[in-house]
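Source file run-v2.pdb; content: PDB, C-alpha atoms.
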MODEL        1
ATOM      1  CA  MET D   3      19.261   1.490   0.055
ATOM      2  CA  SER D   4      19.251   4.765  -1.826
ATOM      3  CA  GLY D   5      20.956   5.305  -5.129
ATOM      4  CA  GLY D   6      19.313   2.322  -6.726
ATOM      5  CA  THR D   7      16.698   2.514  -9.359
ATOM      6  CA  SER D   8      13.622   4.543  -8.623
ATOM      7  CA  SER D   9      11.329   2.436  -6.564
ATOM      8  CA  GLY D  10       7.897   3.821  -6.997
ATOM      9  CA  TRP D  11       5.686   6.704  -6.248
ATOM     10  CA  SER D  12       7.955   8.713  -3.998
ATOM     11  CA  SER D  13      11.653   8.684  -3.431
ATOM     12  CA  ASP D  14      13.313   7.260  -0.343
ATOM     13  CA  ALA D  15      13.838   9.826   2.381
ATOM     14  CA  GLN D  16      17.173  11.425   1.623
ATOM     15  CA  ASP D  17      17.924  13.121   4.899
ATOM     16  CA  ALA D  18      17.900  10.132   7.230
ATOM     17  CA  THR D  19      21.022   8.189   8.042
ATOM     18  CA  GLY D  20      21.150   4.429   7.591
ATOM     19  CA  LEU D  21      21.012   3.697  11.314
ATOM     20  CA  HIS D  22      18.135   6.077  11.893
ATOM     21  CA  ARG D  23      16.251   4.505   9.020
ATOM     22  CA  THR D  24      16.861   0.978  10.271
ATOM     23  CA  ALA D  25      15.636   1.942  13.739
ATOM     24  CA  ALA D  26      12.569   3.666  12.310
ATOM     25  CA  PHE D  27      11.895   0.676  10.075
ATOM     26  CA  LEU D  28      12.111  -1.774  12.984
ATOM     27  CA  LEU D  29       9.888   0.422  15.141
ATOM     28  CA  GLU D  30       7.278   0.715  12.386
ATOM     29  CA  GLY D  31       7.461  -2.990  11.567
ATOM     30  CA  VAL D  32       7.007  -4.040  15.182
ATOM     31  CA  ALA D  33       4.220  -1.475  15.734
ATOM     32  CA  VAL D  34       2.306  -2.616  12.649
ATOM     33  CA  GLY D  35       2.900  -6.266  13.580
ATOM     34  CA  LEU D  36       1.694  -5.765  17.139
ATOM     35  CA  LEU D  37      -1.477  -4.104  15.915
ATOM     36  CA  ALA D  38      -2.043  -6.844  13.327
ATOM     37  CA  GLY D  39      -1.370  -9.664  15.787
ATOM     38  CA  MET D  40      -3.541  -8.209  18.539
ATOM     39  CA  GLY D  41      -6.255  -7.535  15.979
ATOM     40  CA  ALA D  42      -6.120 -11.130  14.764
ATOM     41  CA  PHE D  43      -6.376 -12.435  18.311
ATOM     42  CA  VAL D  44      -9.314 -10.180  19.159
ATOM     43  CA  TYR D  45     -11.148 -11.042  15.939
ATOM     44  CA  ASN D  46     -10.824 -14.742  16.673
ATOM     45  CA  THR D  47     -11.944 -14.503  20.315
ATOM     46  CA  PRO D  48     -14.936 -12.115  20.199
ATOM     47  CA  GLN D  49     -16.601 -14.056  23.035
ATOM     48  CA  PHE D  50     -14.187 -12.482  25.530
ATOM     49  CA  VAL D  51     -14.326  -8.913  24.308
ATOM     50  CA  GLY D  52     -17.862  -8.252  25.493
ATOM     51  CA  LEU D  53     -18.582  -5.574  22.932
ATOM     52  CA  GLY D  54     -21.824  -7.127  21.836
ATOM     53  CA  ALA D  55     -21.062  -5.327  18.593
ATOM     54  CA  ASP D  56     -21.018  -6.743  15.125
ATOM     55  CA  ALA D  57     -17.984  -9.025  15.064
ATOM     56  CA  LYS D  58     -17.094  -7.766  11.592
ATOM     57  CA  LEU D  59     -15.997  -4.500  13.220
ATOM     58  CA  LEU D  60     -13.159  -6.440  14.793
ATOM     59  CA  LEU D  61     -11.656  -6.763  11.306
ATOM     60  CA  VAL D  62     -10.726  -3.065  11.491
ATOM     61  CA  PRO D  63      -7.431  -3.516  13.408
ATOM     62  CA  MET D  64      -6.140  -6.136  10.932
ATOM     63  CA  VAL D  65      -7.202  -4.215   7.824
ATOM     64  CA  GLY D  66      -5.883  -1.039   9.450
ATOM     65  CA  ALA D  67      -2.515  -2.626  10.216
ATOM     66  CA  GLY D  68      -2.102  -3.562   6.564
ATOM     67  CA  ALA D  69      -3.061  -0.035   5.533
ATOM     68  CA  PHE D  70      -0.669   1.574   8.025
ATOM     69  CA  ALA D  71       2.185  -0.620   6.758
ATOM     70  CA  HIS D  72       1.902   1.088   3.388
ATOM     71  CA  LEU D  73       1.113   4.552   4.729
ATOM     72  CA  PHE D  74       4.148   4.573   7.028
ATOM     73  CA  ALA D  75       6.508   3.683   4.201
ATOM     74  CA  SER D  76       8.367   6.396   2.285
ATOM     75  CA  SER D  77       8.667   4.410  -0.933
ATOM     76  CA  LEU D  78       7.151   1.393  -2.590
ATOM     77  CA  ARG D  79      10.227  -0.681  -1.750
ATOM     78  CA  ASP D  80       9.935   0.396   1.876
ATOM     79  CA  SER D  81       6.241  -0.391   1.784
ATOM     80  CA  ILE D  82       6.830  -3.979   0.666
ATOM     81  CA  ARG D  83       9.475  -4.512   3.330
ATOM     82  CA  LEU D  84       7.236  -3.020   5.993
ATOM     83  CA  GLY D  85       4.197  -4.918   4.777
ATOM     84  CA  LEU D  86       5.972  -8.269   4.957
ATOM     85  CA  THR D  87       7.663  -7.505   8.286
ATOM     86  CA  GLY D  88       4.346  -6.456   9.796
ATOM     87  CA  PHE D  89       2.675  -9.575   8.439
ATOM     88  CA  PHE D  90       5.162 -11.969   9.994
ATOM     89  CA  VAL D  91       5.525 -10.053  13.263
ATOM     90  CA  GLY D  92       1.723 -10.051  13.486
ATOM     91  CA  LEU D  93       1.580 -13.781  12.804
ATOM     92  CA  ALA D  94       4.159 -14.374  15.550
ATOM     93  CA  VAL D  95       2.203 -12.200  18.011
ATOM     94  CA  PHE D  96      -1.060 -13.985  17.173
ATOM     95  CA  VAL D  97       0.363 -17.509  17.432
ATOM     96  CA  GLY D  98       2.406 -16.607  20.513
ATOM     97  CA  ALA D  99      -0.549 -15.129  22.384
ATOM     98  CA  TRP D 100      -2.701 -18.108  21.415
ATOM     99  CA  ILE D 101      -0.370 -20.806  22.736
ATOM    100  CA  ALA D 102       1.052 -18.787  25.657
ATOM    101  CA  PRO D 103      -1.405 -20.282  28.226
ATOM    102  CA  LEU D 104       0.292 -23.662  27.772
ATOM    103  CA  TRP D 105       3.296 -22.202  29.571
ATOM    104  CA  MET D 106       1.494 -19.654  31.754
ATOM    105  CA  LEU D 107      -0.633 -22.358  33.334
ATOM    106  CA  SER D 108       0.996 -25.306  35.015
ATOM    107  CA  TYR D 109       0.275 -27.968  32.415
ATOM    108  CA  PRO D 110       2.175 -31.224  32.758
ATOM    109  CA  PRO D 111       4.596 -31.637  29.825
ATOM    110  CA  THR D 112       2.610 -34.563  28.415
ATOM    111  CA  ALA D 113      -0.606 -32.522  28.308
ATOM    112  CA  ARG D 114       1.311 -29.712  26.650
ATOM    113  CA  ASP D 115       2.624 -32.133  24.011
ATOM    114  CA  VAL D 116      -0.933 -33.193  23.232
ATOM    115  CA  LEU D 117      -2.455 -29.703  23.240
ATOM    116  CA  LEU D 118       0.288 -27.821  21.404
ATOM    117  CA  PRO D 119      -0.192 -29.307  17.893
ATOM    118  CA  GLU D 120      -3.948 -28.943  18.228
ATOM    119  CA  MET D 121      -3.722 -25.296  19.272
ATOM    120  CA  VAL D 122      -1.119 -24.480  16.634
ATOM    121  CA  GLY D 123      -3.446 -26.063  14.075
ATOM    122  CA  ASP D 124      -6.347 -23.926  15.284
ATOM    123  CA  VAL D 125      -4.397 -20.698  15.248
ATOM    124  CA  MET D 126      -2.747 -21.353  11.881
ATOM    125  CA  SER D 127      -6.056 -22.094  10.209
ATOM    126  CA  ALA D 128      -7.486 -18.892  11.719
ATOM    127  CA  ALA D 129      -4.383 -17.060  10.503
ATOM    128  CA  PHE D 130      -4.910 -18.235   6.942
ATOM    129  CA  LEU D 131      -8.678 -17.910   6.945
ATOM    130  CA  ASN D 132      -9.016 -14.395   8.284
ATOM    131  CA  TYR D 133      -5.708 -12.816   9.316
ATOM    132  CA  ALA D 134      -3.938 -13.195   5.980
ATOM    133  CA  GLY D 135      -6.984 -12.042   4.051
ATOM    134  CA  ALA D 136      -7.725  -9.036   6.225
ATOM    135  CA  TYR D 137      -4.151  -7.819   6.648
ATOM    136  CA  LEU D 138      -3.041  -8.354   3.056
ATOM    137  CA  GLY D 139      -6.403  -7.074   1.830
ATOM    138  CA  GLY D 140      -5.933  -3.866   3.777
ATOM    139  CA  TYR D 141      -2.365  -3.554   2.542
ATOM    140  CA  LEU D 142      -3.115  -4.159  -1.135
ATOM    141  CA  LEU D 143      -6.179  -1.939  -1.044
ATOM    142  CA  THR D 144      -4.085   0.908   0.344
ATOM    143  CA  VAL D 145      -1.307   0.326  -2.201
ATOM    144  CA  SER D 146      -3.846   0.332  -5.029
ATOM    145  CA  LEU D 147      -5.677   3.417  -3.789
ATOM    146  CA  GLY D 148      -2.320   5.136  -3.233
ATOM    147  CA  ALA D 149      -1.369   4.409  -6.832
ATOM    148  CA  LEU D 150      -4.670   5.789  -8.091
ATOM    149  CA  TRP D 151      -4.283   8.873  -5.931
ATOM    150  CA  GLU D 152      -0.789   9.877  -7.090
TER
ATOM    151  CA  MET W  15      21.049  36.891  17.351
ATOM    152  CA  VAL W  16      17.642  36.788  16.006
ATOM    153  CA  PRO W  17      17.425  34.181  13.251
ATOM    154  CA  LEU W  18      16.549  35.661   9.940
ATOM    155  CA  ARG W  19      13.227  34.644   8.552
ATOM    156  CA  PHE W  20      12.866  34.216   4.885
ATOM    157  CA  PRO W  21       9.578  34.013   3.112
ATOM    158  CA  ASP W  22       8.382  30.435   2.800
ATOM    159  CA  ARG W  23       9.724  28.599  -0.146
ATOM    160  CA  PRO W  24       7.294  26.186  -1.800
ATOM    161  CA  GLU W  25       9.405  23.199  -0.598
ATOM    162  CA  ASP W  26       9.061  24.407   3.015
ATOM    163  CA  SER W  27       5.305  24.491   3.041
ATOM    164  CA  GLU W  28       5.244  21.161   1.258
ATOM    165  CA  ARG W  29       7.548  19.738   3.874
ATOM    166  CA  ARG W  30       5.422  21.173   6.678
ATOM    167  CA  ALA W  31       2.330  19.616   5.121
ATOM    168  CA  GLN W  32       4.169  16.286   4.987
ATOM    169  CA  ILE W  33       5.096  16.534   8.659
ATOM    170  CA  THR W  34       1.508  17.357   9.616
ATOM    171  CA  ALA W  35       0.241  14.427   7.566
ATOM    172  CA  ARG W  36       2.794  12.224   9.305
ATOM    173  CA  HIS W  37       1.544  13.387  12.735
ATOM    174  CA  LEU W  38      -2.046  12.684  11.752
ATOM    175  CA  LEU W  39      -1.030   9.246  10.523
ATOM    176  CA  VAL W  40       0.822   8.390  13.729
ATOM    177  CA  GLY W  41      -2.078   9.768  15.771
ATOM    178  CA  ALA W  42      -4.588   7.644  13.876
ATOM    179  CA  PHE W  43      -2.365   4.602  14.336
ATOM    180  CA  LEU W  44      -2.134   5.229  18.075
ATOM    181  CA  VAL W  45      -5.904   5.553  18.438
ATOM    182  CA  VAL W  46      -6.474   2.234  16.651
ATOM    183  CA  ALA W  47      -3.594   0.564  18.516
ATOM    184  CA  VAL W  48      -4.760   1.688  21.970
ATOM    185  CA  ALA W  49      -8.341   0.549  21.307
ATOM    186  CA  THR W  50      -7.080  -2.780  19.975
ATOM    187  CA  ALA W  51      -4.730  -3.244  22.941
ATOM    188  CA  ALA W  52      -7.631  -2.680  25.358
ATOM    189  CA  MET W  53      -9.700  -5.350  23.588
ATOM    190  CA  PHE W  54      -6.659  -7.603  23.366
ATOM    191  CA  ALA W  55      -6.210  -7.432  27.147
ATOM    192  CA  GLN W  56      -9.800  -8.654  27.553
ATOM    193  CA  ALA W  57      -9.387 -11.362  24.937
ATOM    194  CA  ALA W  58      -6.018 -12.635  26.165
ATOM    195  CA  THR W  59      -7.053 -12.838  29.826
ATOM    196  CA  GLY W  60     -10.282 -14.541  28.761
ATOM    197  CA  HIS W  61      -8.340 -17.035  26.667
ATOM    198  CA  VAL W  62      -6.051 -17.930  29.588
ATOM    199  CA  ALA W  63      -8.944 -18.047  32.055
ATOM    200  CA  SER W  64     -11.088 -20.289  29.859
ATOM    201  CA  MET W  65      -8.248 -22.800  29.614
ATOM    202  CA  HIS W  66      -7.676 -22.550  33.362
ATOM    203  CA  ALA W  67     -11.310 -22.730  34.455
ATOM    204  CA  THR W  68     -11.617 -26.489  33.912
ATOM    205  CA  SER W  69      -9.313 -26.981  36.887
ATOM    206  CA  ALA W  70     -11.650 -25.074  39.232
ATOM    207  CA  ASN W  71     -12.008 -27.030  42.446
ATOM    208  CA  VAL W  72     -15.480 -27.969  43.698
ATOM    209  CA  THR W  73     -16.220 -29.531  47.087
ATOM    210  CA  VAL W  74     -19.399 -30.110  49.062
ATOM    211  CA  ALA W  75     -19.643 -27.526  51.838
ATOM    212  CA  ASP W  76     -22.985 -28.665  53.221
ATOM    213  CA  TYR W  77     -26.098 -30.591  52.327
ATOM    214  CA  ASP W  78     -29.473 -30.886  53.923
ATOM    215  CA  VAL W  79     -32.641 -32.788  53.041
ATOM    216  CA  THR W  80     -35.618 -30.507  53.552
ATOM    217  CA  ASP W  81     -39.030 -31.585  54.772
ATOM    218  CA  GLY W  82     -40.421 -31.021  51.326
ATOM    219  CA  ASP W  83     -38.126 -33.789  50.084
ATOM    220  CA  ARG W  84     -35.659 -31.621  48.331
ATOM    221  CA  LEU W  85     -31.895 -31.470  48.724
ATOM    222  CA  ASP W  86     -30.317 -28.168  49.663
ATOM    223  CA  LEU W  87     -26.780 -28.413  48.411
ATOM    224  CA  THR W  88     -23.978 -25.977  49.124
ATOM    225  CA  LEU W  89     -20.865 -26.289  46.996
ATOM    226  CA  ARG W  90     -17.587 -24.543  47.665
ATOM    227  CA  VAL W  91     -16.051 -23.489  44.365
ATOM    228  CA  HIS W  92     -12.531 -22.161  43.976
ATOM    229  CA  ASN W  93     -11.923 -20.056  40.880
ATOM    230  CA  PRO W  94      -8.210 -20.324  40.077
ATOM    231  CA  THR W  95      -8.400 -18.038  37.034
ATOM    232  CA  ILE W  96      -7.724 -14.350  36.485
ATOM    233  CA  ARG W  97     -11.306 -13.650  35.364
ATOM    234  CA  ASP W  98     -14.670 -13.856  37.133
ATOM    235  CA  LEU W  99     -16.717 -16.953  36.397
ATOM    236  CA  GLU W 100     -20.437 -16.513  35.757
ATOM    237  CA  LEU W 101     -22.620 -19.441  36.723
ATOM    238  CA  GLY W 102     -24.896 -21.186  34.282
ATOM    239  CA  PRO W 103     -27.295 -24.032  34.993
ATOM    240  CA  ALA W 104     -25.559 -27.026  36.533
ATOM    241  CA  LEU W 105     -26.242 -30.703  36.085
ATOM    242  CA  VAL W 106     -25.222 -32.327  39.345
ATOM    243  CA  ASN W 107     -26.683 -35.303  41.149
ATOM    244  CA  ALA W 108     -26.293 -36.840  44.582
ATOM    245  CA  TYR W 109     -25.574 -40.545  44.898
ATOM    246  CA  VAL W 110     -25.756 -42.850  47.894
ATOM    247  CA  ASP W 111     -23.816 -46.094  47.483
ATOM    248  CA  GLY W 112     -23.593 -45.430  43.780
ATOM    249  CA  GLU W 113     -27.352 -45.018  43.383
ATOM    250  CA  GLN W 114     -28.775 -41.741  42.162
ATOM    251  CA  THR W 115     -31.105 -40.074  44.634
ATOM    252  CA  THR W 116     -31.786 -36.763  42.889
ATOM    253  CA  ASP W 117     -34.092 -36.347  39.918
ATOM    254  CA  GLY W 118     -31.453 -35.600  37.283
ATOM    255  CA  THR W 119     -32.702 -32.198  36.200
ATOM    256  CA  THR W 120     -30.587 -29.078  35.959
ATOM    257  CA  THR W 121     -30.098 -26.857  38.981
ATOM    258  CA  THR W 122     -29.567 -23.126  39.139
ATOM    259  CA  PHE W 123     -27.088 -22.280  41.851
ATOM    260  CA  ASP W 124     -27.127 -18.919  43.626
ATOM    261  CA  GLY W 125     -24.022 -17.158  44.842
ATOM    262  CA  GLY W 126     -22.251 -16.461  41.579
ATOM    263  CA  PRO W 127     -20.367 -14.989  39.882
ATOM    264  CA  ILE W 128     -17.219 -16.390  41.396
ATOM    265  CA  PRO W 129     -14.585 -13.649  41.520
ATOM    266  CA  ALA W 130     -11.108 -14.281  40.160
ATOM    267  CA  ASP W 131      -8.847 -16.279  42.479
ATOM    268  CA  GLU W 132     -11.496 -16.570  45.182
ATOM    269  CA  THR W 133     -13.464 -19.335  46.816
ATOM    270  CA  VAL W 134     -17.213 -18.894  47.034
ATOM    271  CA  GLU W 135     -20.049 -21.023  48.350
ATOM    272  CA  ILE W 136     -22.946 -21.505  45.968
ATOM    273  CA  THR W 137     -26.282 -22.959  46.943
ATOM    274  CA  GLY W 138     -28.903 -24.796  44.963
ATOM    275  CA  THR W 139     -31.950 -26.960  45.557
ATOM    276  CA  LEU W 140     -32.192 -30.335  43.857
ATOM    277  CA  GLY W 141     -35.365 -32.330  43.323
ATOM    278  CA  LEU W 142     -35.349 -35.889  44.644
ATOM    279  CA  ARG W 143     -36.354 -39.245  43.303
ATOM    280  CA  GLU W 144     -38.839 -41.335  45.171
ATOM    281  CA  ALA W 145     -37.403 -42.471  48.514
ATOM    282  CA  GLY W 146     -34.311 -40.413  47.734
ATOM    283  CA  GLY W 147     -34.880 -38.324  50.838
ATOM    284  CA  ASP W 148     -34.805 -41.300  53.165
ATOM    285  CA  ARG W 149     -31.686 -42.689  51.575
ATOM    286  CA  LEU W 150     -29.953 -39.333  51.846
ATOM    287  CA  ARG W 151     -31.005 -38.853  55.482
ATOM    288  CA  SER W 152     -29.651 -42.224  56.516
ATOM    289  CA  ALA W 153     -26.435 -42.000  54.495
ATOM    290  CA  ASP W 154     -23.091 -41.094  56.058
ATOM    291  CA  ARG W 155     -21.487 -40.260  52.746
ATOM    292  CA  VAL W 156     -23.094 -38.611  49.773
ATOM    293  CA  GLU W 157     -21.305 -38.459  46.469
ATOM    294  CA  VAL W 158     -22.014 -35.442  44.306
ATOM    295  CA  ARG W 159     -21.134 -35.821  40.654
ATOM    296  CA  GLY W 160     -21.856 -33.895  37.489
ATOM    297  CA  ARG W 161     -20.757 -30.647  35.960
ATOM    298  CA  LEU W 162     -21.187 -26.929  36.401
ATOM    299  CA  LYS W 163     -21.597 -24.636  33.454
ATOM    300  CA  VAL W 164     -19.480 -21.534  33.912
ATOM    301  CA  PHE W 165     -18.850 -18.636  31.578
ATOM    302  CA  VAL W 166     -15.793 -16.485  30.940
ATOM    303  CA  GLY W 167     -17.274 -13.668  28.926
ATOM    304  CA  ASP W 168     -19.556 -15.577  26.547
ATOM    305  CA  GLU W 169     -17.364 -18.668  26.474
ATOM    306  CA  LEU W 170     -18.959 -21.732  28.045
ATOM    307  CA  ILE W 171     -16.738 -24.030  30.093
ATOM    308  CA  TYR W 172     -17.745 -27.186  31.905
ATOM    309  CA  VAL W 173     -16.308 -27.702  35.370
ATOM    310  CA  ARG W 174     -16.348 -31.294  36.513
ATOM    311  CA  VAL W 175     -17.886 -32.009  39.902
ATOM    312  CA  ASP W 176     -16.826 -35.210  41.609
ATOM    313  CA  THR W 177     -16.819 -34.865  45.346
ATOM    314  CA  VAL W 178     -18.089 -36.429  48.539
ATOM    315  CA  GLY W 179     -20.061 -34.863  51.350
ATOM    316  CA  VAL W 180     -20.041 -36.402  54.784
ATOM    317  CA  SER W 181     -22.973 -35.946  57.160
ATOM    318  CA  GLU W 182     -22.164 -34.232  60.432
TER
ENDMDL
END
Once you've parsed the file, please lay out its structure as structure tokens.
Amino acid sequence: MSGGTSSGWSSDAQDATGLHRTAAFLLEGVAVGLLAGMGAFVYNTPQFVGLGADAKLLLVPMVGAGAFAHLFASSLRDSIRLGLTGFFVGLAVFVGAWIAPLWMLSYPPTARDVLLPEMVGDVMSAAFLNYAGAYLGGYLLTVSLGALWE
Amino acid sequence: MVPLRFPDRPEDSERRAQITARHLLVGAFLVVAVATAAMFAQAATGHVASMHATSANVTVADYDVTDGDRLDLTLRVHNPTIRDLELGPALVNAYVDGEQTTDGTTTTFDGGPIPADETVEITGTLGLREAGGDRLRSADRVEVRGRLKVFVGDELIYVRVDTVGVSE
């Protein structure tokens, strides 16, 4: 990891061992992904949240997850890795939570076969329409502002 | 041995500032994550419950034709889900030998909301068609068909009603 060409605004942390860094990276990636995925789910099901608030506020967790992915990273290379890991972990959390009732409830296998493609279609279109935009928007905004700042 | 303390070097204070910034960052993340997790719990249980609610079981507990030619109907509703079901206006009708006896308008049932995983009796009064009262009084079996509107949070779900009441 280290010893390569300089990767951006700040150098990779020098004092951490490889194992420590891998563990920290996985922890950060999963944490960011969980936040992003839960945020995506909440944004797309505001009828259950009972906030009565402006639904746009529910974008905050997704945008925030993208921002945290960059802020947690020690270098630009790290940031890209973390950003992508968080994005895909978040997508998995969102899709998983969306289709989980098909197995939590006792659907007959035939009903599941009919419902699964429909629900995957719903959740993937939501993922592309708002999750990708909000998460990546938050990430890129933070990267850009970080570059301006330094 | 008492550790020697040297005056702060510039790198030390910079490092301390970095650590403090890191703590603030993790703290901010945790605040957002905990708030999101709390909303996610609501959303995920609501999502499961709204898919489950269609299989709520409805049976006729009791029916009675009043003197004013109205039908007092008591339905027993089992809520199989993990969330409470709020009741909205229902569109149910009573049939005798396949012929509709009630006036076909919506009915507001009392007795809701139906708590999670519980069975509750809800009562409503239905208007009757002409001669509907006599048909209902003389019938041994009354079919009740239609649908209940129920809500999980703000999500509307229709629960099918297709059941038979037998006069005592």
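Using all atoms listed in the file for every distance, the candidate list W:Leu105, W:Ala47, W:Ile33, W:Val79 yields W:Ala47 as the residue closest to chain D.
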In the coordinate frame of the file, compute which residues have an atom within 10 Å of (-29.0, -27.7, 48.7) when using only C-alpha atoms, and state them as an mmCIF file with C-alpha atoms, in the frame of the given file.
data_model
loop_
_atom_site.group_PDB
_atom_site.id
_atom_site.type_symbol
_atom_site.label_atom_id
_atom_site.label_comp_id
_atom_site.auth_asym_id
_atom_site.auth_seq_id
_atom_site.Cartn_x
_atom_site.Cartn_y
_atom_site.Cartn_z
ATOM 1 C CA VAL W 74 -19.399 -30.110 49.062
ATOM 2 C CA ALA W 75 -19.643 -27.526 51.838
ATOM 3 C CA ASP W 76 -22.985 -28.665 53.221
ATOM 4 C CA TYR W 77 -26.098 -30.591 52.327
ATOM 5 C CA ASP W 78 -29.473 -30.886 53.923
ATOM 6 C CA VAL W 79 -32.641 -32.788 53.041
ATOM 7 C CA THR W 80 -35.618 -30.507 53.552
ATOM 8 C CA ARG W 84 -35.659 -31.621 48.331
ATOM 9 C CA LEU W 85 -31.895 -31.470 48.724
ATOM 10 C CA ASP W 86 -30.317 -28.168 49.663
ATOM 11 C CA LEU W 87 -26.780 -28.413 48.411
ATOM 12 C CA THR W 88 -23.978 -25.977 49.124
ATOM 13 C CA LEU W 89 -20.865 -26.289 46.996
ATOM 14 C CA THR W 121 -30.098 -26.857 38.981
ATOM 15 C CA PHE W 123 -27.088 -22.280 41.851
ATOM 16 C CA ILE W 136 -22.946 -21.505 45.968
ATOM 17 C CA THR W 137 -26.282 -22.959 46.943
ATOM 18 C CA GLY W 138 -28.903 -24.796 44.963
ATOM 19 C CA THR W 139 -31.950 -26.960 45.557
ATOM 20 C CA LEU W 140 -32.192 -30.335 43.857
ATOM 21 C CA GLY W 141 -35.365 -32.330 43.323
#
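The gap separating atom CA of D:Ile101 from atom CA of D:Val116 is 12.4 Å, in Å to one decimal.
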Could you write out as a PyMOL selection string the residues that the ChimeraX specification (/D :<12) & /W matches in the shown file?
chain W and resi 29+32+35-69+94-98+165-170
Could you state which residues are captured by the PyMOL selection byres ((chain W and resi 100) around 7) in this file, as a PyMOL selection string?
chain W and resi 98-99+101-102+126-128+164-166
Figure out the distance between atom CA of D:Tyr133 and atom CA of D:Leu61, please, to one decimal in Å.
8.7 Å
Box for stretch 73-82 of chain W: with edges along x, y and z, all listed atoms inside and 6 Å added on each side, what are the centre and edge lengths in Å to one decimal, as AutoDock Vina command-line options?
--center_x -28.3 --center_y -30.2 --center_z 50.9 --size_x 36.2 --size_y 17.3 --size_z 19.7
Apply the PyMOL selection byres ((chain W and resi 113) around 12) to the file shown and report the selected residues as an MDAnalysis selection string.
chainID W and resid 107:112 114:118 143 145:146 149:150 153 156:159
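In this structure, atom CA of D:Asp56 sits 24.8 Å away from atom CA of D:Phe89.
Residue nearest D:Ala71, chosen from D:Val95, D:Gly85, D:Leu59, D:Leu21 and counting all atoms listed in the file: D:Gly85.
Nearest residue to D:Gly35, choosing from D:Val65, D:Leu150, D:Leu78, D:Ala94 and counting all atoms listed in the file: D:Ala94.
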Around the point (-12.9, -29.5, 43.4) (coordinates from the file), which residues reach within 7 Å if we count all atoms listed in the file? Answer as a tab-separated table (two decimals) with C-alpha atoms, in the coordinates of the input.
chain	number	residue	atom	x	y	z
W	70	ALA	CA	-11.65	-25.07	39.23
W	71	ASN	CA	-12.01	-27.03	42.45
W	72	VAL	CA	-15.48	-27.97	43.70
W	73	THR	CA	-16.22	-29.53	47.09
W	91	VAL	CA	-16.05	-23.49	44.36
W	175	VAL	CA	-17.89	-32.01	39.90
W	177	THR	CA	-16.82	-34.86	45.35
